[in-house]
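Engineer: The structure is given below, and queries will be raised subsequently.
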Amino acid sequence: MKSDVIILAGGLGTRLQNLLPGIPKPMVPVNDQPFLKYLLGYVNKFRPTRIILSVGYRHEQIREYFGDNFEGTELLYSIEEFPLGTGGAIFQSIQLSDSDHVFILNGDTFFDVDLDQMESQHINKQPDITIALKEMRNFERYGSVFIQDNRITRFIEKQYVERGQINAGTYLLNKQRFLENHWPEKFSFEKEYLEKFVEKGFFAPFYADGYFIDIGIPEDYAKAQHDFKTKRALFLDRDGVINKEINYLYRKEDFVFIDGIFEICEFYQRRGFVLIVITNQAGIAKGYYTEEDYNILTEWMIAEFSKRSIAINRVYHCPHFPEITGDCGCRKPNPGMLLQAQSEFNIDLPNSILIGDKQSDFDAAINSGIKNYYHIDNIIKRLDNLPV
């Protein structure tokens, strides 16, 4: 990553003060760890040169806990002596950055965005700002955005929306263009910059579908306690493990479940495992069936599990084939799908389990750090004594 990162960590956390008085909002404990620690861990995966913490309320707590370095990355502090608003906090913090473009994240929000991809798109398109968007359904807590010709052209106030893209609070800002404006000492980034400049500037969307949570209200703070617990997962290959192997299967009429697969999944679900399917689907790249064909079959398969009260938490697929699409990081034996699941579900990979039927499945497990991997035939033989 070439860009510095600013995290707005100066919030008072008014709605959480009754629960946690005297604690800066980014420092509220989630499973006995400050929420900000999870956020710093996520950002640090992309190896920024420095992370700038914009702090205010009880900033001493934050600096005492983290010091000037987080797992090898320099931490700088921009201290608000009095509240500057989000815009004033960003303007003050950005003076500490040496990069041409600066990420800005809210200290009370976790959005699992690929910051490297977001940066690459931003540098390629050169907008004033790139804004990470999250698709939501049936919501009214957040405002949404209007997009035209791949530009954000309007911010829509909070109202009930059946389906829309929200501004999830992760930005990549062109520093020089931002500093060209004459900003007051105290102002709102959302009102004075985003809403006023959106029509005359170039605001680029970056679509992301990763895990998202805003701990600003007690209900979501309680949800974070569950979501941020490390979980074990049962990873399943599809063809040859869930269903009998048929080359380039894409029709439900040809889909035959392997005897015992429902019992296996039910066993691990009862023990708290996250159930995740990871499947190579080269037939898409080869043109034997379409992405839509794959999606229809996948939805049907998930529904069949659901009829038996088994929840498949996610199905990841790789639609690539090297000779056609080039190399990728997701096609097994590469660990890309497993690592994506780890990030999105906070999975303890070394103690998770993978069931496959090919060497590429087992190599993907090894490459991701999974120690427990089994051939489906051996698992079927031990239905009465499954490994945990």
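Within each chain, counting starts at residue 1; across the structure tokens, chains are named A, B, ... in the order shown, with ligands numbered 1 upward in that order.
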Quick one: everything within 7 Å of range 124-138 of chain A, counting only C-alpha atoms, minus sequence neighbours fewer than 4 positions away in the same chain. Send it as a list of chain:residue names.
Structural biologist: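 These residues fall inside the cut-off: A:Ser120, A:Tyr160, A:Val161, A:Glu162, A:Arg163, A:Gly164, A:Gln165, A:Ile166, A:Asn167, A:Ala168, A:Thr170, A:Tyr171, A:Leu172, A:Leu173, A:Asn174, A:Arg177, A:Gly201, A:Phe202, A:Phe203, A:Ala204, A:Pro205, A:Phe206, A:Tyr207, A:Ala208, A:Asp209.
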Engineer: Check the DSSP output for the backbone and give back, as a ChimeraX atom specification, the residues of range 77-325 of chain A in strand (DSSP E or B).
Structural biologist: /A:77-79,101-106,109-111,129-139,144-148,151-156,161-174,203-208,212-214,231,233-236,239,243,257,274-280,314-318
Engineer: Between CA of Phe321 in chain A and CA of Lys286 in chain A, what is the distance in Å, rounded to a tenth?
Structural biologist: 7.4 Å
Engineer: Identify, on the basis of only C-alpha atoms, every residue whose closest approach to range 82-95 of chain A does not exceed 6 Å; exclude the query and any residue fewer than 2 positions from it along the same chain; express the result as JSON, numbers by chain.
Structural biologist: {"A": [78, 80, 97, 185, 186, 187, 188, 189]}
Engineer: Take the residues from that selection and put them in a file with N, CA and C atoms, as a short mmCIF file (atom, residue, chain, number, x, y, z; two decimals), in the first residue's frame.
Structural biologist:
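Listed below is the output, result23.cif:
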```cif
data_model
loop_
_atom_site.label_atom_id
_atom_site.label_comp_id
_atom_site.auth_asym_id
_atom_site.auth_seq_id
_atom_site.Cartn_x
_atom_site.Cartn_y
_atom_site.Cartn_z
N SER A 78 -2.83 12.64 16.03
CA SER A 78 -3.29 14.00 15.80
C SER A 78 -4.34 14.29 16.86
N GLU A 80 -7.01 16.44 18.95
CA GLU A 80 -7.94 17.57 18.95
C GLU A 80 -7.99 18.15 20.36
N SER A 97 0.64 13.38 7.07
CA SER A 97 0.82 12.36 6.04
C SER A 97 1.81 12.81 4.98
N GLU A 185 -11.53 25.98 10.64
CA GLU A 185 -10.88 25.13 11.62
C GLU A 185 -11.78 23.97 12.02
N LYS A 186 -13.08 24.22 12.10
CA LYS A 186 -14.04 23.20 12.52
C LYS A 186 -15.11 23.06 11.45
N PHE A 187 -15.27 21.86 10.92
CA PHE A 187 -16.34 21.64 9.94
C PHE A 187 -16.63 20.14 9.80
N SER A 188 -17.76 19.85 9.18
CA SER A 188 -18.20 18.47 8.96
C SER A 188 -17.73 17.99 7.60
N PHE A 189 -16.97 16.90 7.58
CA PHE A 189 -16.51 16.31 6.32
C PHE A 189 -17.70 15.88 5.47
#
```
Engineer: Give the answer as one residue: which of A:His317, A:Arg251, A:Lys231, A:Lys381 has the shortest atom-to-atom distance to Ile347 in chain A, using only C-alpha atoms?
Structural biologist: A:Lys231
Engineer: Using only C-alpha atoms, which residue out of A:Thr230, A:Arg271, A:Tyr316, A:Glu323 lies closest to Leu349 in chain A?
Structural biologist: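 Smallest distance to Leu349 in chain A is found for A:Thr230.
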Engineer: Near Cys318 in chain A, within 6 Å and counting only C-alpha atoms, which residues show up once chain neighbours fewer than 4 positions away are dropped, as a ChimeraX atom specification?
Structural biologist: /A:280-281,330-331
Engineer: Would you pick out the contacts of Glu157 in chain A at 12 Å or less, using only C-alpha atoms, so that residues sharing its chain but fewer than 3 positions from it are not included, and give the list as a ChimeraX atom specification?
Structural biologist: /A:140-146,154,160-161,166-167,190-191,195
Engineer: Selected residues, C-alpha atoms, written as a compact mmCIF listing (two decimals), in the first residue's frame, please.
Structural biologist:
```txt
# COMPACT_ATOMS: atom_id res chain seq x y z
CA GLU A 140 -33.29 3.02 7.15
CA ARG A 141 -30.43 3.64 9.56
CA TYR A 142 -28.05 4.74 6.78
CA GLY A 143 -28.23 7.20 3.94
CA SER A 144 -27.66 5.88 0.43
CA VAL A 145 -25.88 7.15 -2.67
CA PHE A 146 -26.99 7.81 -6.23
CA ARG A 154 -25.74 12.55 -4.91
CA TYR A 160 -36.33 3.32 4.27
CA VAL A 161 -34.72 1.63 1.26
CA ILE A 166 -24.56 2.99 1.43
CA ASN A 167 -21.51 5.09 2.11
CA GLU A 190 -19.86 14.80 5.40
CA LYS A 191 -21.84 18.06 5.10
CA GLU A 195 -22.48 16.79 0.09
```
Engineer: Near Val274 in chain A, counting only C-alpha atoms, which residues have an atom at most 12 Å away, once you skip same-chain residues fewer than 2 positions from it, shown as a PyMOL selection string?
Structural biologist: chain A and resi 227+229-236+265-272+276-277+310-315+341-342+344-349+352-354
Engineer: Got time to write the residues from that selection, N, CA and C atoms, as a short mmCIF file (atom, residue, chain, number, x, y, z; two decimals), in the first residue's frame?
Structural biologist:
```
data_model
loop_
_atom_site.label_atom_id
_atom_site.label_comp_id
_atom_site.auth_asym_id
_atom_site.auth_seq_id
_atom_site.Cartn_x
_atom_site.Cartn_y
_atom_site.Cartn_z
N ASP A 227 -19.74 -11.55 16.67
CA ASP A 227 -19.11 -11.62 15.35
C ASP A 227 -17.59 -11.67 15.43
N LYS A 229 -15.75 -13.05 17.72
CA LYS A 229 -15.17 -14.25 18.31
C LYS A 229 -14.54 -15.09 17.21
N THR A 230 -13.36 -15.61 17.49
CA THR A 230 -12.74 -16.51 16.52
C THR A 230 -13.56 -17.78 16.41
N LYS A 231 -13.82 -18.21 15.17
CA LYS A 231 -14.67 -19.37 14.94
C LYS A 231 -13.90 -20.46 14.21
N ARG A 232 -14.29 -21.68 14.45
CA ARG A 232 -13.80 -22.79 13.64
C ARG A 232 -14.75 -22.98 12.47
N ALA A 233 -14.20 -23.44 11.37
CA ALA A 233 -15.02 -23.65 10.18
C ALA A 233 -14.86 -25.07 9.67
N LEU A 234 -15.93 -25.55 9.07
CA LEU A 234 -15.87 -26.77 8.26
C LEU A 234 -15.90 -26.33 6.81
N PHE A 235 -14.78 -26.52 6.13
CA PHE A 235 -14.68 -26.20 4.71
C PHE A 235 -14.98 -27.45 3.89
N LEU A 236 -15.84 -27.29 2.90
CA LEU A 236 -16.24 -28.41 2.05
C LEU A 236 -15.98 -28.07 0.59
N CYS A 265 -22.60 -32.39 8.02
CA CYS A 265 -22.79 -30.96 8.23
C CYS A 265 -23.58 -30.68 9.51
N GLU A 266 -24.59 -31.49 9.77
CA GLU A 266 -25.38 -31.32 10.98
C GLU A 266 -24.52 -31.53 12.22
N PHE A 267 -23.64 -32.51 12.18
CA PHE A 267 -22.74 -32.81 13.30
C PHE A 267 -21.88 -31.59 13.64
N TYR A 268 -21.26 -30.99 12.61
CA TYR A 268 -20.36 -29.87 12.86
C TYR A 268 -21.12 -28.58 13.18
N GLN A 269 -22.28 -28.41 12.59
CA GLN A 269 -23.09 -27.24 12.91
C GLN A 269 -23.48 -27.23 14.38
N ARG A 270 -23.85 -28.39 14.93
CA ARG A 270 -24.24 -28.49 16.33
C ARG A 270 -23.08 -28.10 17.24
N ARG A 271 -21.86 -28.25 16.77
CA ARG A 271 -20.68 -27.93 17.56
C ARG A 271 -20.14 -26.53 17.29
N GLY A 272 -20.94 -25.74 16.61
CA GLY A 272 -20.60 -24.33 16.43
C GLY A 272 -19.71 -24.00 15.27
N ILE A 276 -18.77 -23.70 5.29
CA ILE A 276 -18.36 -22.93 4.12
C ILE A 276 -17.97 -23.88 2.99
N VAL A 277 -18.48 -23.59 1.81
CA VAL A 277 -18.15 -24.37 0.62
C VAL A 277 -17.15 -23.58 -0.22
N ILE A 310 -29.95 -26.98 8.13
CA ILE A 310 -28.50 -26.82 8.05
C ILE A 310 -28.21 -25.52 7.30
N ALA A 311 -27.43 -24.65 7.91
CA ALA A 311 -27.13 -23.35 7.32
C ALA A 311 -25.74 -23.37 6.68
N ILE A 312 -25.69 -23.29 5.37
CA ILE A 312 -24.42 -23.07 4.68
C ILE A 312 -24.14 -21.57 4.76
N ASN A 313 -23.11 -21.20 5.50
CA ASN A 313 -22.88 -19.78 5.76
C ASN A 313 -22.41 -19.02 4.53
N ARG A 314 -21.64 -19.66 3.68
CA ARG A 314 -21.19 -19.00 2.46
C ARG A 314 -20.66 -20.03 1.48
N VAL A 315 -20.85 -19.75 0.20
CA VAL A 315 -20.24 -20.55 -0.86
C VAL A 315 -19.31 -19.64 -1.65
N ALA A 341 -12.54 -16.24 3.39
CA ALA A 341 -13.47 -16.69 4.43
C ALA A 341 -12.92 -16.36 5.81
N GLN A 342 -11.63 -16.54 6.00
CA GLN A 342 -11.02 -16.22 7.29
C GLN A 342 -11.25 -14.75 7.64
N GLU A 344 -13.58 -12.66 6.44
CA GLU A 344 -14.98 -12.27 6.56
C GLU A 344 -15.67 -12.87 7.77
N PHE A 345 -15.21 -14.04 8.23
CA PHE A 345 -15.88 -14.72 9.34
C PHE A 345 -15.01 -14.83 10.59
N ASN A 346 -13.83 -14.22 10.58
CA ASN A 346 -12.91 -14.28 11.72
C ASN A 346 -12.64 -15.73 12.12
N ILE A 347 -12.16 -16.49 11.17
CA ILE A 347 -12.01 -17.94 11.35
C ILE A 347 -10.61 -18.29 11.86
N ASP A 348 -10.59 -19.22 12.76
CA ASP A 348 -9.35 -19.81 13.28
C ASP A 348 -8.95 -20.93 12.32
N LEU A 349 -8.14 -20.60 11.32
CA LEU A 349 -7.81 -21.58 10.28
C LEU A 349 -7.05 -22.79 10.81
N SER A 352 -9.46 -25.29 12.14
CA SER A 352 -10.62 -25.62 11.32
C SER A 352 -10.40 -26.95 10.61
N ILE A 353 -11.42 -27.38 9.88
CA ILE A 353 -11.38 -28.69 9.20
C ILE A 353 -11.76 -28.49 7.74
N LEU A 354 -11.05 -29.17 6.86
CA LEU A 354 -11.40 -29.18 5.44
C LEU A 354 -11.65 -30.60 4.99
#
```
Engineer: Counting only C-alpha atoms, which residue out of A:Ile264, A:Leu179, A:Ile284, A:Val43 sits closest to Asn385 in chain A?
Structural biologist: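 The answer is A:Ile264, which sits nearest to Asn385 in chain A.
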Engineer: Just asking: which residues within range 130-316 of chain A are helix (DSSP H, G or I) according to DSSP, as a ChimeraX atom specification?
Structural biologist: /A:175-179,189-197,218-227,252-254,261-270,282-286,291-306
Engineer: Between CA of Leu339 in chain A and CA of Ile296 in chain A, what is the spacing in Å?
Structural biologist: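 Taking CA of Ile296 in chain A as the start and CA of Leu339 in chain A as the end point, the length is 24.9 Å.
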Engineer: As an exercise, work out the distance from CA of Lys223 in chain A to CA of Phe273 in chain A in Å and give it to one decimal place.
Structural biologist: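 Rounded to one decimal, the two atoms are 17.9 Å apart.
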